[in-house]
$ cat model_18.tsv   # TSV, C-alpha atoms
chain	number	residue	atom	x	y	z
A	1297	MET	CA	-8.57	-23.60	-9.39
A	1298	THR	CA	-6.00	-22.64	-6.76
A	1299	SER	CA	-5.98	-24.97	-3.76
A	1300	THR	CA	-7.08	-23.71	-0.36
A	1301	PRO	CA	-4.09	-22.16	1.47
A	1302	ALA	CA	-2.79	-23.98	4.53
A	1303	VAL	CA	-2.40	-20.79	6.60
A	1304	PRO	CA	-5.35	-19.28	8.52
A	1305	PRO	CA	-7.33	-16.61	6.64
A	1306	ILE	CA	-6.10	-13.04	6.93
A	1307	PRO	CA	-8.44	-10.54	8.62
A	1308	SER	CA	-9.86	-7.71	6.54
A	1309	VAL	CA	-10.41	-4.02	7.23
A	1310	ALA	CA	-13.53	-2.07	6.23
A	1311	LEU	CA	-12.66	1.11	4.34
A	1312	ASN	CA	-14.75	4.24	4.87
A	1313	ASN	CA	-17.07	3.35	1.97
A	1314	GLY	CA	-17.69	-0.19	3.20
A	1315	VAL	CA	-15.31	-1.92	0.79
A	1316	ARG	CA	-13.16	-4.47	2.62
A	1317	ILE	CA	-9.42	-4.92	2.07
A	1318	PRO	CA	-7.29	-7.79	3.43
A	1319	GLN	CA	-5.07	-6.52	6.21
A	1320	LEU	CA	-2.05	-8.33	4.80
A	1321	GLY	CA	-1.28	-8.02	1.11
A	1322	PHE	CA	1.54	-8.65	-1.33
A	1323	GLY	CA	3.66	-5.82	-2.74
A	1324	VAL	CA	5.71	-5.92	-5.94
A	1325	TRP	CA	7.89	-2.80	-5.65
A	1326	GLN	CA	11.29	-3.34	-7.36
A	1327	VAL	CA	10.13	-6.66	-8.83
A	1328	PRO	CA	10.86	-6.79	-12.60
A	1329	ASP	CA	7.86	-7.48	-14.81
A	1330	ALA	CA	8.93	-11.01	-15.73
A	1331	GLU	CA	9.66	-11.90	-12.08
A	1332	ALA	CA	6.30	-10.51	-11.00
A	1333	VAL	CA	4.53	-13.34	-12.80
A	1334	PRO	CA	5.87	-16.22	-10.64
A	1335	ALA	CA	6.04	-14.08	-7.49
A	1336	VAL	CA	2.40	-12.94	-7.65
A	1337	ARG	CA	1.26	-16.40	-8.71
A	1338	THR	CA	3.05	-17.92	-5.70
A	1339	ALA	CA	1.53	-15.26	-3.43
A	1340	ILE	CA	-2.00	-16.00	-4.60
A	1341	GLU	CA	-1.44	-19.76	-4.38
A	1342	SER	CA	-0.15	-19.25	-0.82
A	1343	GLY	CA	-3.29	-17.40	0.24
A	1344	TYR	CA	-2.72	-13.69	-0.42
A	1345	ARG	CA	-5.80	-12.00	-1.80
A	1346	SER	CA	-4.54	-8.39	-1.96
A	1347	ILE	CA	-1.95	-7.40	-4.57
A	1348	ASP	CA	-0.33	-3.95	-4.68
A	1349	THR	CA	1.49	-2.53	-7.69
A	1350	ALA	CA	2.01	0.89	-9.34
A	1351	ALA	CA	2.49	2.35	-12.79
A	1352	ILE	CA	6.07	3.38	-11.98
A	1353	TYR	CA	6.97	-0.19	-10.93
A	1354	GLU	CA	6.61	-1.20	-14.59
A	1355	ASN	CA	5.23	-4.60	-13.61
A	1356	GLU	CA	1.48	-4.13	-14.00
A	1357	ALA	CA	1.47	-6.44	-17.06
A	1358	GLY	CA	3.30	-9.24	-15.21
A	1359	THR	CA	1.06	-8.76	-12.19
A	1360	GLY	CA	-2.02	-8.95	-14.39
A	1361	GLN	CA	-0.74	-12.08	-16.11
A	1362	ALA	CA	-0.23	-13.79	-12.75
A	1363	ILE	CA	-3.74	-12.79	-11.64
A	1364	ALA	CA	-5.19	-14.23	-14.85
A	1365	GLU	CA	-3.25	-17.48	-14.44
A	1366	ALA	CA	-3.89	-17.94	-10.71
A	1367	GLY	CA	-7.34	-19.44	-11.10
A	1368	VAL	CA	-8.92	-17.38	-8.32
A	1369	ALA	CA	-12.25	-15.67	-8.87
A	1370	ARG	CA	-11.85	-11.94	-9.51
A	1371	ASP	CA	-14.18	-10.99	-6.66
A	1372	GLU	CA	-11.89	-12.79	-4.22
A	1373	LEU	CA	-8.95	-10.53	-5.11
A	1374	PHE	CA	-8.21	-6.94	-4.12
A	1375	VAL	CA	-5.97	-5.18	-6.65
A	1376	THR	CA	-4.32	-1.80	-6.07
A	1377	THR	CA	-2.27	0.34	-8.41
A	1378	LYS	CA	-1.04	3.94	-8.28
A	1379	LEU	CA	-0.91	6.96	-10.56
A	1380	TRP	CA	2.64	8.14	-11.15
A	1381	ASN	CA	1.95	11.88	-11.09
A	1382	SER	CA	5.22	12.73	-12.83
A	1383	GLY	CA	6.76	16.17	-12.51
A	1384	THR	CA	7.25	16.30	-16.27
A	1385	VAL	CA	3.48	16.36	-16.83
A	1386	ASP	CA	1.06	19.23	-16.25
A	1387	TRP	CA	-1.68	17.79	-14.05
A	1388	SER	CA	-3.68	21.01	-13.76
A	1389	GLY	CA	-6.97	21.88	-15.42
A	1390	GLU	CA	-8.95	19.85	-17.93
A	1391	GLN	CA	-5.78	18.56	-19.60
A	1392	GLY	CA	-4.55	17.16	-16.30
A	1393	ARG	CA	-7.90	15.51	-15.66
A	1394	ASP	CA	-7.78	13.81	-19.07
A	1395	ARG	CA	-4.23	12.59	-18.36
A	1396	VAL	CA	-5.40	10.99	-15.13
A	1397	LEU	CA	-8.19	9.16	-16.95
A	1398	ARG	CA	-5.81	7.97	-19.67
A	1399	ALA	CA	-3.26	6.79	-17.11
A	1400	PHE	CA	-5.99	4.84	-15.34
A	1401	ASP	CA	-7.05	3.22	-18.62
A	1402	GLU	CA	-3.45	2.24	-19.36
A	1403	SER	CA	-2.97	0.65	-15.93
A	1404	LEU	CA	-6.27	-1.21	-16.18
A	1405	ALA	CA	-5.35	-2.52	-19.66
A	1406	LYS	CA	-1.93	-3.73	-18.49
A	1407	LEU	CA	-3.53	-5.47	-15.52
A	1408	GLY	CA	-6.15	-7.02	-17.81
A	1409	LEU	CA	-8.98	-5.95	-15.51
A	1410	ASP	CA	-12.38	-4.34	-16.02
A	1411	GLN	CA	-12.42	-2.67	-12.62
A	1412	LEU	CA	-9.81	-1.72	-10.03
A	1413	ASP	CA	-10.31	-2.17	-6.31
A	1414	LEU	CA	-8.12	0.75	-5.17
A	1415	TYR	CA	-6.40	3.59	-7.05
A	1416	LEU	CA	-3.86	5.82	-5.28
A	1417	ILE	CA	-2.09	9.12	-6.02
A	1418	HIS	CA	1.52	8.04	-5.59
A	1419	TRP	CA	3.03	11.25	-4.09
A	1420	PRO	CA	1.59	14.58	-2.90
A	1421	ARG	CA	4.41	16.80	-4.29
A	1422	PRO	CA	3.42	19.72	-2.01
A	1423	MET	CA	6.07	21.98	-3.53
A	1424	HIS	CA	3.71	22.28	-6.50
A	1425	GLY	CA	0.88	23.68	-4.43
A	1426	THR	CA	-2.60	22.28	-4.96
A	1427	VAL	CA	-2.02	20.27	-8.15
A	1428	PHE	CA	-2.98	17.04	-6.40
A	1429	LEU	CA	-6.47	18.46	-5.85
A	1430	ASN	CA	-7.09	18.42	-9.60
A	1431	ILE	CA	-5.85	14.83	-9.77
A	1432	TRP	CA	-8.13	13.88	-6.90
A	1433	ARG	CA	-11.19	15.32	-8.64
A	1434	ALA	CA	-10.46	13.03	-11.61
A	1435	PHE	CA	-10.18	10.16	-9.11
A	1436	GLU	CA	-13.59	11.12	-7.76
A	1437	GLN	CA	-14.98	10.82	-11.28
A	1438	LEU	CA	-13.46	7.35	-11.71
A	1439	HIS	CA	-15.02	6.32	-8.42
A	1440	ALA	CA	-18.43	7.81	-9.26
A	1441	ASP	CA	-18.36	5.98	-12.60
A	1442	GLY	CA	-17.79	2.66	-10.81
A	1443	ARG	CA	-14.46	2.03	-12.52
A	1444	VAL	CA	-12.67	1.79	-9.17
A	1445	ARG	CA	-14.21	0.61	-5.91
A	1446	ALA	CA	-12.17	2.91	-3.65
A	1447	ILE	CA	-9.74	5.81	-4.07
A	1448	GLY	CA	-6.90	6.87	-1.85
A	1449	VAL	CA	-3.47	8.43	-1.60
A	1450	SER	CA	0.10	7.45	-0.87
A	1451	ASN	CA	2.79	9.30	1.07
A	1452	PHE	CA	0.44	12.14	2.06
A	1453	ARG	CA	1.27	14.09	5.21
A	1454	VAL	CA	-1.24	15.63	7.62
A	1455	PRO	CA	-1.16	19.06	5.88
A	1456	ASP	CA	-1.77	17.41	2.51
A	1457	LEU	CA	-4.73	15.47	3.87
A	1458	GLU	CA	-6.15	18.55	5.60
A	1459	LEU	CA	-6.16	20.41	2.29
A	1460	LEU	CA	-7.72	17.47	0.47
A	1461	LEU	CA	-10.48	17.15	3.07
A	1462	LYS	CA	-11.19	20.88	2.94
A	1463	GLU	CA	-11.33	21.26	-0.84
A	1464	THR	CA	-12.85	18.00	-2.14
A	1465	SER	CA	-15.87	15.85	-1.42
A	1466	VAL	CA	-14.57	12.27	-1.10
A	1467	VAL	CA	-12.45	11.37	1.93
A	1468	PRO	CA	-9.53	9.13	0.89
A	1469	ALA	CA	-10.25	5.52	1.78
A	1470	LEU	CA	-6.60	4.84	2.56
A	1471	ASN	CA	-3.16	6.45	2.82
A	1472	GLN	CA	-0.21	4.18	2.00
A	1473	VAL	CA	2.94	5.43	3.74
A	1474	GLU	CA	6.32	4.36	5.05
A	1475	LEU	CA	5.58	2.71	8.38
A	1476	HIS	CA	7.51	0.18	10.49
A	1477	PRO	CA	8.73	-0.08	14.10
A	1478	TYR	CA	11.59	2.36	13.41
A	1479	PHE	CA	9.11	4.91	12.00
A	1480	PRO	CA	5.66	4.21	13.49
A	1481	GLN	CA	3.90	7.36	12.17
A	1482	THR	CA	1.99	7.90	15.43
A	1483	GLU	CA	0.71	11.40	14.61
A	1484	LEU	CA	-0.36	10.49	11.08
A	1485	ARG	CA	-2.12	7.33	12.23
A	1486	ALA	CA	-4.05	9.36	14.82
A	1487	PHE	CA	-5.18	11.77	12.09
A	1488	HIS	CA	-6.24	8.85	9.92
A	1489	ALA	CA	-8.26	7.35	12.76
A	1490	GLU	CA	-10.00	10.68	13.42
A	1491	HIS	CA	-11.07	11.03	9.78
A	1492	GLY	CA	-11.84	7.43	8.84
A	1493	ILE	CA	-8.79	6.91	6.63
A	1494	ALA	CA	-7.18	3.46	6.70
A	1495	THR	CA	-3.41	3.26	7.18
A	1496	GLU	CA	-1.35	1.01	4.92
A	1497	ALA	CA	2.39	0.42	5.33
A	1498	TRP	CA	4.84	0.14	2.47
A	1499	SER	CA	8.18	-1.46	3.35
A	1500	PRO	CA	6.54	-2.76	6.55
A	1501	LEU	CA	9.66	-4.81	7.31
A	1502	GLY	CA	12.04	-1.91	6.76
A	1503	GLN	CA	14.78	-2.10	4.16
A	1504	GLY	CA	18.24	-3.62	4.14
A	1505	GLY	CA	17.63	-6.07	6.99
A	1506	ASP	CA	18.58	-3.74	9.85
A	1507	LEU	CA	15.16	-3.83	11.49
A	1508	LEU	CA	14.97	-7.61	11.36
A	1509	ALA	CA	18.34	-7.85	13.13
A	1510	GLU	CA	17.14	-5.76	16.09
A	1511	PRO	CA	17.94	-7.71	19.31
A	1512	ALA	CA	14.57	-6.81	20.85
A	1513	LEU	CA	12.71	-8.22	17.86
A	1514	LEU	CA	14.85	-11.34	17.76
A	1515	LYS	CA	14.12	-11.93	21.45
A	1516	ILE	CA	10.37	-11.65	20.85
A	1517	ALA	CA	10.66	-13.94	17.83
A	1518	GLU	CA	12.44	-16.59	19.92
A	1519	LYS	CA	9.79	-16.28	22.62
A	1520	HIS	CA	7.00	-17.07	20.15
A	1521	GLY	CA	8.91	-19.52	17.97
A	1522	ARG	CA	8.63	-17.13	15.02
A	1523	THR	CA	10.88	-15.04	12.80
A	1524	ALA	CA	11.56	-11.35	13.34
A	1525	ALA	CA	9.65	-10.64	10.11
A	1526	GLN	CA	6.59	-12.47	11.42
A	1527	VAL	CA	6.81	-10.50	14.67
A	1528	VAL	CA	6.89	-7.18	12.79
A	1529	LEU	CA	3.98	-8.14	10.56
A	1530	ARG	CA	2.02	-9.28	13.60
A	1531	TRP	CA	2.74	-5.87	15.16
A	1532	HIS	CA	1.23	-4.19	12.09
A	1533	LEU	CA	-1.90	-6.32	12.30
A	1534	GLN	CA	-2.39	-5.69	16.02
A	1535	SER	CA	-1.83	-1.97	15.42
A	1536	GLY	CA	-4.70	-1.91	12.93
A	1537	VAL	CA	-2.33	-1.20	10.05
A	1538	ILE	CA	-2.60	-2.83	6.61
A	1539	ALA	CA	0.78	-4.19	5.47
A	1540	ILE	CA	2.09	-5.18	2.04
A	1541	PRO	CA	5.41	-7.04	2.46
A	1542	LYS	CA	7.38	-7.90	-0.66
A	1543	SER	CA	9.47	-10.96	-1.48
A	1544	VAL	CA	10.29	-13.04	-4.54
A	1545	THR	CA	11.38	-16.04	-2.47
A	1546	PRO	CA	8.53	-18.60	-2.22
A	1547	ALA	CA	9.41	-19.66	1.33
A	1548	ARG	CA	9.40	-16.07	2.56
A	1549	ILE	CA	6.22	-15.25	0.67
A	1550	ARG	CA	4.50	-18.05	2.59
A	1551	GLU	CA	6.24	-17.21	5.88
A	1552	ASN	CA	5.11	-13.57	5.75
A	1553	LEU	CA	1.50	-14.68	5.44
A	1554	ASP	CA	1.61	-17.00	8.46
A	1555	VAL	CA	1.17	-14.38	11.18
A	1556	THR	CA	-2.28	-15.05	12.61
A	1557	GLY	CA	-1.44	-17.98	14.89
A	1558	PHE	CA	0.12	-16.02	17.75
A	1559	GLU	CA	-0.43	-12.81	19.73
A	1560	LEU	CA	2.02	-10.18	20.91
A	1561	ASP	CA	1.48	-9.30	24.58
A	1562	ALA	CA	1.88	-5.94	26.30
A	1563	GLU	CA	5.52	-6.63	27.10
A	1564	ASP	CA	6.24	-7.43	23.44
A	1565	LEU	CA	4.47	-4.29	22.24
A	1566	ALA	CA	6.39	-2.11	24.69
A	1567	ALA	CA	9.70	-3.61	23.53
A	1568	ILE	CA	8.79	-2.95	19.89
A	1569	ALA	CA	7.78	0.64	20.68
A	1570	ALA	CA	11.20	1.17	22.27
A	1571	VAL	CA	13.08	0.54	19.01
A	1572	ALA	CA	11.48	3.55	17.27
A	1573	THR	CA	14.03	6.06	15.98
A	1574	GLY	CA	11.67	8.45	14.19
A	1575	LYS	CA	13.90	8.28	11.12
A	1576	ARG	CA	12.70	7.47	7.63
A	1577	ILE	CA	14.42	4.99	5.36
A	1578	GLY	CA	12.62	6.32	2.28
A	1579	PRO	CA	12.21	9.86	0.91
A	1580	ASP	CA	10.44	12.59	2.85
A	1581	PRO	CA	7.20	13.49	1.02
A	1582	ALA	CA	7.67	17.14	2.02
A	1583	GLY	CA	10.58	17.46	-0.41
A	1584	PHE	CA	10.33	14.49	-2.76
A	1585	ASP	CA	9.98	15.53	-6.40
A	1586	TRP	CA	11.33	14.47	-9.76
A	1587	ASN	CA	11.78	15.87	-13.26
$ encode --input "model_18.tsv" --output "structure tokens"
Amino acid sequence: MTSTPAVPPIPSVALNNGVRIPQLGFGVWQVPDAEAVPAVRTAIESGYRSIDTAAIYENEAGTGQAIAEAGVARDELFVTTKLWNSGTVDWSGEQGRDRVLRAFDESLAKLGLDQLDLYLIHWPRPMHGTVFLNIWRAFEQLHADGRVRAIGVSNFRVPDLELLLKETSVVPALNQVELHPYFPQTELRAFHAEHGIATEAWSPLGQGGDLLAEPALLKIAEKHGRTAAQVVLRWHLQSGVIAIPKSVTPARIRENLDVTGFELDAEDLAAIAAVATGKRIGPDPAGFDWN
């Protein structure tokens, strides 16, 4: 069995159906399938208990292999994957529902699991009207059948969520979105809080290293004897946000997990708030589509 991690345990968040998710998880976006095996294994050995992947990442098989080899009891792990609701597929009507169920089966088989902890719609694609409502109803069936413990969405905006809440019966447990100090998603997070939807951040450390070179963050990091990455992840935790940082470097995988031994004070939080630009580094869900 995997040895007990040296870092303190990560706090968990209760989703709106009572299922608990670790507040700090491990993401595998842009990690090739073969590299996912050692990366996820290292993450689990280091103490991560939440693993996030997606069908479009094409590394569900490698992620599943690492989970199988890690020697950690299944009920100690929280595994998330996402439906790639491709624009080349008709997701409407009964045919769309069946495609959702087949896609779920394929992801579960690649992961080598009998049950998923969290299943997400990857993008809202609002330019196609209410198609995501049909997908969500198939998600509701998967949840009712006990095949997935919680269902949620990714990259949904307030208008998308308002429509979902109006037209369907299960409130999403979680919305995974771009969120970091440059783009703190204040309005969306307030909507989530009002409706009992957990907020999860993809690319919580930004992309390209610009955020981690911010002088204000480096100053806070020096003050606490930490790295800028640890400061940003601590900011997520204190903000009540779930974060899923990604790395394939063992030292950084472990470093990103070691963020519970210090506290950001009011001065630190104000300095972090001041770096916000309101600009995305990823695509805008309002216009993101694909063929």
$ residues_around --input "model_18.tsv" --residues "range 1416-1432 of chain A" --least-positions-apart "3" --cutoff "10 Å" --atoms "all atoms listed in the file" --output "PyMOL selection string"
chain A and resi 1350-1352+1376-1383+1386-1390+1392-1397+1435-1438+1446-1453+1455-1457+1459-1461+1463-1466+1468-1473+1581-1586
$ write_last_selection --input "model_18.tsv" --atoms "C-alpha atoms" --output "compact mmCIF listing (two decimals), keeping the file's coordinate frame"
# COMPACT_ATOMS: atom_id res chain seq x y z
CA ALA A 1350 2.01 0.89 -9.34
CA ALA A 1351 2.49 2.35 -12.79
CA ILE A 1352 6.07 3.38 -11.98
CA THR A 1376 -4.32 -1.80 -6.07
CA THR A 1377 -2.27 0.34 -8.41
CA LYS A 1378 -1.04 3.94 -8.28
CA LEU A 1379 -0.91 6.96 -10.56
CA TRP A 1380 2.64 8.14 -11.15
CA ASN A 1381 1.95 11.88 -11.09
CA SER A 1382 5.22 12.73 -12.83
CA GLY A 1383 6.76 16.17 -12.51
CA ASP A 1386 1.06 19.23 -16.25
CA TRP A 1387 -1.68 17.79 -14.05
CA SER A 1388 -3.68 21.01 -13.76
CA GLY A 1389 -6.97 21.88 -15.42
CA GLU A 1390 -8.95 19.85 -17.93
CA GLY A 1392 -4.55 17.16 -16.30
CA ARG A 1393 -7.90 15.51 -15.66
CA ASP A 1394 -7.78 13.81 -19.07
CA ARG A 1395 -4.23 12.59 -18.36
CA VAL A 1396 -5.40 10.99 -15.13
CA LEU A 1397 -8.19 9.16 -16.95
CA PHE A 1435 -10.18 10.16 -9.11
CA GLU A 1436 -13.59 11.12 -7.76
CA GLN A 1437 -14.98 10.82 -11.28
CA LEU A 1438 -13.46 7.35 -11.71
CA ALA A 1446 -12.17 2.91 -3.65
CA ILE A 1447 -9.74 5.81 -4.07
CA GLY A 1448 -6.90 6.87 -1.85
CA VAL A 1449 -3.47 8.43 -1.60
CA SER A 1450 0.10 7.45 -0.87
CA ASN A 1451 2.79 9.30 1.07
CA PHE A 1452 0.44 12.14 2.06
CA ARG A 1453 1.27 14.09 5.21
CA PRO A 1455 -1.16 19.06 5.88
CA ASP A 1456 -1.77 17.41 2.51
CA LEU A 1457 -4.73 15.47 3.87
CA LEU A 1459 -6.16 20.41 2.29
CA LEU A 1460 -7.72 17.47 0.47
CA LEU A 1461 -10.48 17.15 3.07
CA GLU A 1463 -11.33 21.26 -0.84
CA THR A 1464 -12.85 18.00 -2.14
CA SER A 1465 -15.87 15.85 -1.42
CA VAL A 1466 -14.57 12.27 -1.10
CA PRO A 1468 -9.53 9.13 0.89
CA ALA A 1469 -10.25 5.52 1.78
CA LEU A 1470 -6.60 4.84 2.56
CA ASN A 1471 -3.16 6.45 2.82
CA GLN A 1472 -0.21 4.18 2.00
CA VAL A 1473 2.94 5.43 3.74
CA PRO A 1581 7.20 13.49 1.02
CA ALA A 1582 7.67 17.14 2.02
CA GLY A 1583 10.58 17.46 -0.41
CA PHE A 1584 10.33 14.49 -2.76
CA ASP A 1585 9.98 15.53 -6.40
CA TRP A 1586 11.33 14.47 -9.76
$ atom_distance --input "model_18.tsv" --atom1 "CA of Asp1441 in chain A" --atom2 "CA of Leu1373 in chain A"
20.4 Å
$ closest_residue --input "model_18.tsv" --among "A:Gly1536, A:Pro1477, A:Gly1505, A:Gly1521" --to "Ala1572 in chain A" --atoms "all atoms listed in the file"
A:Pro1477
$ residues_around --input "model_18.tsv" --residues "Lys1519 in chain A" --least-positions-apart "5" --cutoff "10 Å" --atoms "all atoms listed in the file" --output "JSON, numbers by chain"
{"A": [1513, 1514, 1564]}
$ write_last_selection --input "model_18.tsv" --atoms "C-alpha atoms" --output "PDB file, in the frame of the given file"
ATOM      1  CA  LEU A1513      12.710  -8.220  17.860  1.00  0.00           C
ATOM      2  CA  LEU A1514      14.850 -11.340  17.760  1.00  0.00           C
ATOM      3  CA  ASP A1564       6.240  -7.430  23.440  1.00  0.00           C
TER       4      ASP A1564
END
$ closest_residue --input "model_18.tsv" --among "A:Gly1323, A:Gly1314, A:Pro1307, A:Gly1442" --to "Ala1497 in chain A" --atoms "all atoms listed in the file"
A:Gly1323
$ residues_around --input "model_18.tsv" --residues "Lys1542 in chain A" --least-positions-apart "4" --cutoff "10 Å" --atoms "all atoms listed in the file" --output "PyMOL selection string"
chain A and resi 1321-1327+1335-1336+1339+1348+1498-1501+1548-1549+1552
$ write_last_selection --input "model_18.tsv" --atoms "C-alpha atoms" --output "CSV table (one decimal), keeping the file's coordinate frame"
chain,number,residue,atom,x,y,z
A,1321,GLY,CA,-1.3,-8.0,1.1
A,1322,PHE,CA,1.5,-8.6,-1.3
A,1323,GLY,CA,3.7,-5.8,-2.7
A,1324,VAL,CA,5.7,-5.9,-5.9
A,1325,TRP,CA,7.9,-2.8,-5.6
A,1326,GLN,CA,11.3,-3.3,-7.4
A,1327,VAL,CA,10.1,-6.7,-8.8
A,1335,ALA,CA,6.0,-14.1,-7.5
A,1336,VAL,CA,2.4,-12.9,-7.6
A,1339,ALA,CA,1.5,-15.3,-3.4
A,1348,ASP,CA,-0.3,-4.0,-4.7
A,1498,TRP,CA,4.8,0.1,2.5
A,1499,SER,CA,8.2,-1.5,3.4
A,1500,PRO,CA,6.5,-2.8,6.6
A,1501,LEU,CA,9.7,-4.8,7.3
A,1548,ARG,CA,9.4,-16.1,2.6
A,1549,ILE,CA,6.2,-15.2,0.7
A,1552,ASN,CA,5.1,-13.6,5.8
$ residues_near_point --input "model_18.tsv" --point "(-16.6, -2.3, -13.1)" --cutoff "10 Å" --atoms "only C-alpha atoms" --output "tab-separated table (two decimals) with C-alpha atoms, keeping the file's coordinate frame"
chain	number	residue	atom	x	y	z
A	1409	LEU	CA	-8.98	-5.95	-15.51
A	1410	ASP	CA	-12.38	-4.34	-16.02
A	1411	GLN	CA	-12.42	-2.67	-12.62
A	1412	LEU	CA	-9.81	-1.72	-10.03
A	1413	ASP	CA	-10.31	-2.17	-6.31
A	1439	HIS	CA	-15.02	6.32	-8.42
A	1441	ASP	CA	-18.36	5.98	-12.60
A	1442	GLY	CA	-17.79	2.66	-10.81
A	1443	ARG	CA	-14.46	2.03	-12.52
A	1444	VAL	CA	-12.67	1.79	-9.17
A	1445	ARG	CA	-14.21	0.61	-5.91
$ closest_residue --input "model_18.tsv" --among "A:Ala1525, A:Ala1517, A:Ala1357, A:Val1368" --to "Pro1328 in chain A" --atoms "all atoms listed in the file"
A:Ala1357
$ atom_distance --input "model_18.tsv" --atom1 "CA of Ile1568 in chain A" --atom2 "CA of Ile1317 in chain A"
25.6 Å
$ closest_residue --input "model_18.tsv" --among "A:Ile1516, A:Val1315, A:Ala1434, A:Leu1508" --to "Gln1391 in chain A" --atoms "only C-alpha atoms"
A:Ala1434
$ axis_aligned_box --input "model_18.tsv" --around "range 1523-1530 of chain A" --padding-each-side "6 Å" --output "lines of an AutoDock Vina configuration file"
center_x = 6.8
center_y = -11.1
center_z = 12.4
size_x = 21.5
size_y = 19.9
size_z = 16.6
$ atom_distance --input "model_18.tsv" --atom1 "CA of Leu1320 in chain A" --atom2 "CA of Ile1306 in chain A"
6.6 Å
$ closest_residue --input "model_18.tsv" --among "A:Pro1318, A:Gly1343, A:Pro1546, A:Gly1360" --to "Gly1408 in chain A" --atoms "all atoms listed in the file"
A:Gly1360
$ build_atoms --input "model_18.tsv" --residues "range 1518-1523 of chain A" --atoms "all heavy atoms" --output "mmCIF file, in the coordinates of the input"
data_model
loop_
_atom_site.group_PDB
_atom_site.id
_atom_site.type_symbol
_atom_site.label_atom_id
_atom_site.label_comp_id
_atom_site.auth_asym_id
_atom_site.auth_seq_id
_atom_site.Cartn_x
_atom_site.Cartn_y
_atom_site.Cartn_z
ATOM 1 N N GLU A 1518 12.066 -15.339 19.241
ATOM 2 C CA GLU A 1518 12.440 -16.590 19.920
ATOM 3 C C GLU A 1518 11.375 -17.001 20.928
ATOM 4 O O GLU A 1518 11.029 -18.185 21.038
ATOM 5 C CB GLU A 1518 13.788 -16.406 20.624
ATOM 6 C CG GLU A 1518 14.297 -17.676 21.295
ATOM 7 C CD GLU A 1518 15.653 -17.478 21.961
ATOM 8 O OE1 GLU A 1518 16.131 -16.324 22.020
ATOM 9 O OE2 GLU A 1518 16.223 -18.483 22.426
ATOM 10 N N LYS A 1519 10.823 -16.026 21.613
ATOM 11 C CA LYS A 1519 9.790 -16.280 22.620
ATOM 12 C C LYS A 1519 8.563 -16.966 22.001
ATOM 13 O O LYS A 1519 7.977 -17.873 22.605
ATOM 14 C CB LYS A 1519 9.401 -14.952 23.263
ATOM 15 C CG LYS A 1519 8.164 -14.980 24.147
ATOM 16 C CD LYS A 1519 7.861 -13.578 24.676
ATOM 17 C CE LYS A 1519 6.524 -13.495 25.379
ATOM 18 N NZ LYS A 1519 6.260 -12.104 25.861
ATOM 19 N N HIS A 1520 8.209 -16.546 20.791
ATOM 20 C CA HIS A 1520 7.000 -17.070 20.150
ATOM 21 C C HIS A 1520 7.293 -18.179 19.136
ATOM 22 O O HIS A 1520 6.360 -18.699 18.519
ATOM 23 C CB HIS A 1520 6.252 -15.934 19.457
ATOM 24 C CG HIS A 1520 5.646 -14.939 20.401
ATOM 25 N ND1 HIS A 1520 4.460 -15.171 21.064
ATOM 26 C CD2 HIS A 1520 6.076 -13.711 20.808
ATOM 27 C CE1 HIS A 1520 4.172 -14.126 21.830
ATOM 28 N NE2 HIS A 1520 5.128 -13.220 21.693
ATOM 29 N N GLY A 1521 8.562 -18.522 18.962
ATOM 30 C CA GLY A 1521 8.910 -19.520 17.970
ATOM 31 C C GLY A 1521 8.634 -19.048 16.552
ATOM 32 O O GLY A 1521 8.209 -19.827 15.690
ATOM 33 N N ARG A 1522 8.901 -17.757 16.299
ATOM 34 C CA ARG A 1522 8.630 -17.130 15.020
ATOM 35 C C ARG A 1522 9.874 -16.413 14.506
ATOM 36 O O ARG A 1522 10.903 -16.376 15.183
ATOM 37 C CB ARG A 1522 7.482 -16.117 15.163
ATOM 38 C CG ARG A 1522 6.163 -16.749 15.593
ATOM 39 C CD ARG A 1522 5.505 -17.473 14.439
ATOM 40 N NE ARG A 1522 4.251 -18.111 14.821
ATOM 41 C CZ ARG A 1522 3.266 -18.364 13.973
ATOM 42 N NH1 ARG A 1522 3.372 -18.013 12.700
ATOM 43 N NH2 ARG A 1522 2.169 -18.975 14.389
ATOM 44 N N THR A 1523 9.783 -15.845 13.320
ATOM 45 C CA THR A 1523 10.880 -15.040 12.800
ATOM 46 C C THR A 1523 10.642 -13.583 13.164
ATOM 47 O O THR A 1523 9.521 -13.180 13.505
ATOM 48 C CB THR A 1523 10.979 -15.157 11.271
ATOM 49 O OG1 THR A 1523 9.803 -14.565 10.686
ATOM 50 C CG2 THR A 1523 11.103 -16.604 10.832
#
